[in-house]
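Novice: Handing you a structure now.
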Amino acid sequence: MSVVEAQPAAVFGCRPGVSGGICFLEEQLVLYAAGAACAQFHTEQRWHKFIPGREKSRGVRALAVSRSRRYLAVSEMAEEEPALTVYELTAEPPRRRRTLSAAELPARETVALAFSPDGRYLAAATGPPEAQLALWLWEKQRLLAVVRLEAADIGVCQVSFSPQDNAQVCVTGNGFFKLFKYSEGTLKQINLQKGEPQNYLCHAWLSEEEIICGTATGKLFLFESGELLWQRDVEYRKPPKELEEGTRAKDYVSSSDVSGEPTSEDSGSLQDSLPQISAVAAYSKGFACSSSPGVVLLFEKTNKEVYKESQEIWLPRDLFTTVPKLSGRQDITCICFSPSEEVLVVSTTKNQLYMFTMPSADYLKEESSHFEYLHFPLHSASITGLDVCIRRPIVATCSLDKSVRVWNYKTNTLELCKEFWEEAYTVALHPTGLFCLVGFSDKLRFISLLYEDMHVFKDFPVRECRECSFSNGGHLFAAVNGNVIQIYSCTTFENTNNLKGHSGKIHAVKWSADDSKCFSCDTHGAVYEWNLSTGKREMECVLTSCIYSSIALHSDSKIIFAVGSDQTLKEISESSVHHEVPAFDVVYTAVAVSHSGDMVFVGTSLGTVRSMKYPLPLCRDFNEYQAHAGAITKMSVTNDDLFLLTASEDGSIFFWKVCSKKGKILKREKEFEYAEEVLIMKSDIEEKSRTILDLQIRVKELQIENDYQLRLKDMSCYEKIKELEETFTQELESLKNKHQILQAEKDNQEMQHQLQLSELMNKHAKEMRDLESDSNQKLLMENEKYQELQVDSQRMQEEYEKQLHNLQGSKNRTVEELTDYYEEKLNEKSLLLEEAEEDMRQQLQAHEEIKKQIEEDEDREIQDIKIKYERWLIEEKESNLQLKGEIGVMNKRLNSLQKELKERNNDIEDMKLEQQNLQGIIKSLEKDISMLNTNIEKRTNTIQEKEKHIYDLKKKNQELEKFKFVLDHRIEQFKKQIESRENDIKIMQKQIHEMERELEQLHKENTQLKLNITQLQQKLKATDNELHKERQKKQNMEALIKRFKMDLHNCVGFIQDYKKLKAGIRELYTKYVQQLEMVEMEEVDTDLQQEYMRQREYLERNLAALKKKVVKDQEVHQAAYTRIMQENVSLIKEINDLRQELTVAHTQVHDLQSALKLTKKKQAIQDTAPSNETLSSPAVLRLNAQKENEKIIEMQLLEIQHLRDQVQEKGQGLEAQPLLYGMLPKLNLERSHKMHQH
């Protein structure tokens, strides 16, 4: 075998549609189907272990784990045949215990499995078209019973055992719910289905007799002993507001990232969808079920034997996606509780796994909670691209699920993920790990890999890019555009080179180590080597019978490894295939070579991975590993040769550790150091700094608020302390008083106790004296008794010693006697044993001799019997041969006679048929003769009629030839007239356009003149008002001057009396000077206000009138324009009709000309003299049509003139309209106010 081995280290993928597809083996160990294997995942330590499938497995269909978590049953398809296998999980690694198969069962795939409570029995339900339920005693590989199920196309959905009864099985599916009991070697149905049949999708045992079932119409049925006990309709659940608002916000943010419009897949689906119970699982308090996409409902049992909803758990919103859709749109297919019921795990239709930690107490429950990912969001469709980075331990993948993901193969984590609007076909990572290329259906996008996001930096117009690759230096990248490889610069993003030469679709592009060369392969069997400096091919190897799917380069870039549709691995160098390794009935789909050049890995169409050593082996010398359930699309080896990464059509990604044959990890000469730099947007840094500042301000505010709250608490505590101190002081004073009282009582009691104690001490002393005297007397008496007893004890001890000595001697004597007796018996028995052994040896020898003689006698008898029966057999064979020969002769005679009889019968039947046919033919011929006679008579009549008609046609042809010249002349005249009319129409259209332009120009000039007129009118009104005011002021001043002159004249009369003069002047001053100033001020203020109000009212009236006029004019213009458009449309239709009639006339003329030519050839006599009576009806019709055309043209001219008149009227109306839009001159109130002040 090869030296290199690959061990699976991690898998990221989940196989959908697996019955019982997820289950717990321990409290923190989850088992689920991934690829063609079963994966074990530890939720805390985050490690993976694998249970590989059978050879050539196409994936797991159903899983079941025993209640003891010791055994695992797996149903899968291997080599196009179903396989049912039981594994023992306690072994390390898990080993295959039994493979179940039976001749009584047809080759059908098992779709549902279940272990009995004690793990001895296994129930298996097969799929349509013949759904069957089988019961196995799996340890002995014995099929106990089989029963046929009447299932629809969907078939069986679930099978399970009763939690307490090994013999009771429940099966549900489309249209049936059945309970079976195993007894006397058969499965008997114990329930009767009542009511309308339902599509039961799932069920679970709540107790020994209660079963909860979920249907496709959102109904829950609770059965007890097969009878319906409780029913409930579950409503369709809409996602909570947090998810909706989150998706809207995400949609708003992501609208600037990627161009394009989404297809509204989920529009209105939430309202139109019906609830569907797709999964149900039982636990100690009740059960959990999924009624709507993305939600799990928990039901708990109440006191009234009824289950009530207690909590709903939603799938989380996908934080990585930019598409405005909910992760909650996933249907939940499987629900599983951990052994302690602390963790709930679910799987969905989009290959995702979620977990939820159950609340430990009722007060911690929330009405609406959310799941979290079991490990990371996974691909849900075929993976189309995979690429490994050189400077960072990351790998990028893209899939048909429109997502791009970046994984870390060292830590087995997902670093970045983003969903786009289109499907991603290929991905390439920059050597620095900071950028990547992704090919979409419309563009090739250059994306920056930021710290927490992916940012589209540049778009390239490369449609349907299926392959792209960065150079090893990172300064160039290649992208496949159709049959051309385009080379771009990573610094200027310019297209530096185009490599043309492929005739098929390019499937792979690889760079040499020094980036001077490029290698590619296509679907037409071509492998090319390109020189990037010249852009030409340097090497080519074409094999048209092979469709290449992948290539890989050796470390020196001189050897190319290629795989394709011809089931071989080719080693190409110097334009020729040097070596081929067969694939042994599979197709190689991907190839990868280590950077050291001594390891080659290939992926197959069955999803297996093969590792081999370089140079390539000549025989089947490779290791094969079962991994994926679909064809491997991409595979790559990391830069340090420690990991192999594979991706498949089933949406799963495997990380393999490359190690030696002994399981040791390969060591490189130099340790490879990875970079740790990341990219981050400046806007993100600014946003984070702003958030930090906001948080710091918030922290300060919280600190101030906390200080304030602490001060308030200190104050309240201080007040409480004061209150407590006061209460304590009061209590202390009361306690002190009590203490003093108790102290006095204590002193009194102590005095009393001392007196009583002294009395008692005296009494005690007297009693002690009396007791001492009594005790002394008793001691003397007891001492005497003790001495007497001691003497008696010594005497008795001496007697017992004598008796003991005597007994010891008798014991020794008896022991000696017994030993002698038993030794004699032992000798006798040993002699008897030796004699028995000798007898046994003699009997064995005799038995062997007898056995030999019997065998010899039996051999002789067998030989004699064999010879005897062989003779009989030979005699019987000879007699059989003779009998066979006689039987063959008789059979031949019998067959020949039968054939002759059949031939005679056939001949008789043929003759009868021929006779009948001939009679029928005779009758039909007689009928035909009569019919032919009638036809001959009819034909003669028709021939005469046609000859008359031919004569008439000849006359008509002569007439038509006569009028041909006239029609030709008329047609030429009509053509000239039509051309002249069309020219006139064009000239008139030009004139109309010119008139419309002039009309528009006049409208503009009219509007400008109207604006000028209104401005001048307003100025004139303003000057008239000012003139009127000035005249009024002048009159007022003249009257004031007259009054002032009269008062001054009266005051001059007191010129001799200075006091009266002074008083008069003061009166004049007060009367005229102060009053004049007040009047002027009041007049100015009142004039300003009046002018302002008047101008405002005037403007408001004008504005309202103008608005009304604008609305009316718009309506009038709209009606006019629509009417004109309709008239134009009708005119165009009439012109088209005229043109059609003209074409019809041309065709008629052409037909007449052709008819005239034919008549010329047939007719030998030409009649030159035209007669007045030979006018034909078509010519008359044609003249009438010409007159109608002239009338139509005259009517069109009249209509055009009418339209011109209407246009002129509209123009005059527009000139007569008032000003629609304009601005009145502004009033300079401040300037007028200043002028009045001056």
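Within each chain, counting starts at residue 1; across the structure tokens, chains are named A, B, ... in the order shown, with ligands numbered 1 upward in that order.
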Write out as a PyMOL selection string each polymer residue whose atoms come within 12 Å of range 991-995 of chain A, counting only C-alpha atoms; drop sequence neighbours fewer than 2 positions from it.
Specialist: chain A and resi 984-989+997-1003+1200-1201+1203-1208+1211
Novice: Could you check which of A:Ser555, A:Gln853, A:Ser565, A:Thr814 is closest to Gly525 in chain A, using only C-alpha atoms?
Specialist: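 Closest to Gly525 in chain A of all the choices is A:Ser565.
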Novice: Find the residues around Arg237 in chain A up to 8 Å (only C-alpha atoms counted), leave out those fewer than 2 positions away in its own chain, and share them as a PDB file with N, CA, C and O atoms, in the first residue's frame.
Specialist:
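See result01.pdb below for the written result:
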```
ATOM      1  N   GLU A 235     -51.976  27.355  14.374  1.00  0.00           N
ATOM      2  CA  GLU A 235     -51.996  28.460  13.408  1.00  0.00           C
ATOM      3  C   GLU A 235     -50.611  28.678  12.818  1.00  0.00           C
ATOM      4  O   GLU A 235     -49.590  28.347  13.426  1.00  0.00           O
ATOM      5  N   PRO A 239     -42.942  35.469  11.714  1.00  0.00           N
ATOM      6  CA  PRO A 239     -41.732  35.721  12.507  1.00  0.00           C
ATOM      7  C   PRO A 239     -41.899  36.951  13.371  1.00  0.00           C
ATOM      8  O   PRO A 239     -42.658  37.863  13.051  1.00  0.00           O
ATOM      9  N   PRO A 275     -50.082  26.065   7.745  1.00  0.00           N
ATOM     10  CA  PRO A 275     -49.209  25.421   8.731  1.00  0.00           C
ATOM     11  C   PRO A 275     -49.019  23.956   8.397  1.00  0.00           C
ATOM     12  O   PRO A 275     -49.880  23.304   7.796  1.00  0.00           O
ATOM     13  N   SER A 291     -44.457  23.921  13.570  1.00  0.00           N
ATOM     14  CA  SER A 291     -45.716  24.140  12.857  1.00  0.00           C
ATOM     15  C   SER A 291     -45.567  25.021  11.639  1.00  0.00           C
ATOM     16  O   SER A 291     -46.398  24.986  10.745  1.00  0.00           O
ATOM     17  N   SER A 292     -44.541  25.842  11.593  1.00  0.00           N
ATOM     18  CA  SER A 292     -44.327  26.783  10.492  1.00  0.00           C
ATOM     19  C   SER A 292     -42.843  26.812  10.193  1.00  0.00           C
ATOM     20  O   SER A 292     -42.023  26.399  11.022  1.00  0.00           O
ATOM     21  N   VAL A 295     -39.767  27.796  13.111  1.00  0.00           N
ATOM     22  CA  VAL A 295     -40.233  27.940  14.489  1.00  0.00           C
ATOM     23  C   VAL A 295     -40.493  26.561  15.080  1.00  0.00           C
ATOM     24  O   VAL A 295     -40.914  25.639  14.394  1.00  0.00           O
TER      25      VAL A 295
END
```
Novice: If we count only C-alpha atoms and set the cut-off at 7 Å, which residues sit around Asp515 in chain A, ignoring sequence neighbours fewer than 4 positions away in its own chain? Please answer as number ranges by chain.
Specialist: A: 471-472, 511
Novice: Env of Arg54 in chain A: 9 Å cut, atoms = only C-alpha atoms, seq-sep filter 6 positions within chain, self excluded. Answer as a list in words.
Specialist: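 Using only C-alpha atoms, the neighbours found are Ala36, Ala37, Glu76, Met77, Ala78, Ala83, Thr85 and Gln626 of chain A.
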Novice: Write out, as a PDB file, in the first residue's frame, the residues just selected, with N, CA and C atoms.
Specialist:
```
ATOM      1  N   ALA A  36     -21.308  10.935   2.830  1.00  0.00           N
ATOM      2  CA  ALA A  36     -21.648   9.520   2.810  1.00  0.00           C
ATOM      3  C   ALA A  36     -21.327   8.859   4.143  1.00  0.00           C
ATOM      4  N   ALA A  37     -21.122   9.659   5.194  1.00  0.00           N
ATOM      5  CA  ALA A  37     -20.738   9.137   6.504  1.00  0.00           C
ATOM      6  C   ALA A  37     -21.652   9.710   7.567  1.00  0.00           C
ATOM      7  N   GLU A  76     -28.564   2.951   3.870  1.00  0.00           N
ATOM      8  CA  GLU A  76     -27.874   3.686   2.812  1.00  0.00           C
ATOM      9  C   GLU A  76     -27.969   2.909   1.510  1.00  0.00           C
ATOM     10  N   MET A  77     -27.602   3.610   0.424  1.00  0.00           N
ATOM     11  CA  MET A  77     -27.542   2.988  -0.897  1.00  0.00           C
ATOM     12  C   MET A  77     -26.080   2.763  -1.240  1.00  0.00           C
ATOM     13  N   ALA A  78     -25.703   1.503  -1.487  1.00  0.00           N
ATOM     14  CA  ALA A  78     -24.325   1.163  -1.834  1.00  0.00           C
ATOM     15  C   ALA A  78     -24.340   0.305  -3.085  1.00  0.00           C
ATOM     16  N   ALA A  83     -28.706  -1.008   1.635  1.00  0.00           N
ATOM     17  CA  ALA A  83     -27.958  -1.713   2.666  1.00  0.00           C
ATOM     18  C   ALA A  83     -28.430  -1.224   4.025  1.00  0.00           C
ATOM     19  N   THR A  85     -27.298  -1.559   8.019  1.00  0.00           N
ATOM     20  CA  THR A  85     -26.142  -1.932   8.823  1.00  0.00           C
ATOM     21  C   THR A  85     -26.351  -1.463  10.252  1.00  0.00           C
ATOM     22  N   GLN A 626     -13.986   6.782   1.915  1.00  0.00           N
ATOM     23  CA  GLN A 626     -15.372   7.167   1.634  1.00  0.00           C
ATOM     24  C   GLN A 626     -15.670   8.473   2.349  1.00  0.00           C
TER      25      GLN A 626
END
```
Novice: Looking at A:Ile936, A:Ile874, A:Leu122, A:Leu206, which one is nearest to Val169 in chain A, with distances taken over only C-alpha atoms?
Specialist: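 Of A:Ile936, A:Ile874, A:Leu122, A:Leu206, the one nearest Val169 in chain A is A:Leu122, counting only C-alpha atoms.
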Novice: Running DSSP on the backbone, which parts of range 562-694 of chain A land in helix (DSSP H, G or I), as an NGL selection string?
Specialist: :A and (682-694)
Novice: For those residues, write N, CA and C atoms to a file as a tab-separated table (two decimals), in the first residue's frame.
Specialist:
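That gives us again_35.tsv:
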```tsv
chain	number	residue	atom	x	y	z
A	682	LYS	N	-12.07	52.24	6.35
A	682	LYS	CA	-11.90	53.47	7.12
A	682	LYS	C	-13.22	53.90	7.74
A	683	SER	N	-14.30	53.71	6.97
A	683	SER	CA	-15.62	54.07	7.50
A	683	SER	C	-15.97	53.22	8.72
A	684	ASP	N	-15.56	51.93	8.67
A	684	ASP	CA	-15.82	51.07	9.83
A	684	ASP	C	-15.03	51.54	11.04
A	685	ILE	N	-13.77	51.94	10.81
A	685	ILE	CA	-12.96	52.44	11.94
A	685	ILE	C	-13.59	53.70	12.50
A	686	GLU	N	-13.99	54.61	11.59
A	686	GLU	CA	-14.62	55.84	12.07
A	686	GLU	C	-15.91	55.54	12.80
A	687	GLU	N	-16.68	54.60	12.26
A	687	GLU	CA	-17.93	54.25	12.93
A	687	GLU	C	-17.66	53.64	14.29
A	688	LYS	N	-16.64	52.78	14.36
A	688	LYS	CA	-16.32	52.18	15.65
A	688	LYS	C	-15.79	53.21	16.63
A	689	SER	N	-14.95	54.15	16.12
A	689	SER	CA	-14.48	55.21	17.01
A	689	SER	C	-15.65	56.06	17.51
A	690	ARG	N	-16.60	56.32	16.59
A	690	ARG	CA	-17.77	57.08	17.03
A	690	ARG	C	-18.56	56.30	18.08
A	691	THR	N	-18.72	55.01	17.81
A	691	THR	CA	-19.44	54.21	18.81
A	691	THR	C	-18.68	54.16	20.13
A	692	ILE	N	-17.32	54.12	20.04
A	692	ILE	CA	-16.52	54.12	21.28
A	692	ILE	C	-16.73	55.42	22.03
A	693	LEU	N	-16.70	56.54	21.26
A	693	LEU	CA	-16.93	57.83	21.92
A	693	LEU	C	-18.32	57.89	22.52
A	694	ASP	N	-19.30	57.41	21.73
A	694	ASP	CA	-20.66	57.41	22.27
A	694	ASP	C	-20.76	56.54	23.52
```
Novice: Separation of CA of Ser573 in chain A and CA of Trp530 in chain A, in Å?
Specialist: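 Value for the CA of Ser573 in chain A-CA of Trp530 in chain A distance: 13.9 Å.
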Novice: Applying 8 Å and only C-alpha atoms, which residues near Phe654 in chain A remain after dropping the ones on its own chain fewer than 5 positions away? List them as number ranges by chain.
Specialist: A: 8-12, 627, 645-647
Novice: Give me, as a PyMOL selection string, all polymer residues having an atom no more than 10 Å from range 608-613 of chain A, counting only C-alpha atoms and skipping those fewer than 2 positions away in the same chain.
Specialist: chain A and resi 1-6+36+55-57+583+586+588+590-593+597-606+615-617+620-632+635+646+658
Novice: Go through A:Gly226, A:Pro461, A:Pro377, A:Gly385 one by one, measure the shortest atom-to-atom distance of each to Lys634 in chain A using only C-alpha atoms, and give the residue with the smallest value.
Specialist: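 Smallest distance to Lys634 in chain A is found for A:Gly385.
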Novice: Measuring atom to atom with only C-alpha atoms, identify which of A:Asp165, A:Asp952, A:Asp650, A:Glu464 is nearest to Asn351 in chain A.
Specialist: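 Using only C-alpha atoms, the shortest distance to Asn351 in chain A belongs to A:Asp650.
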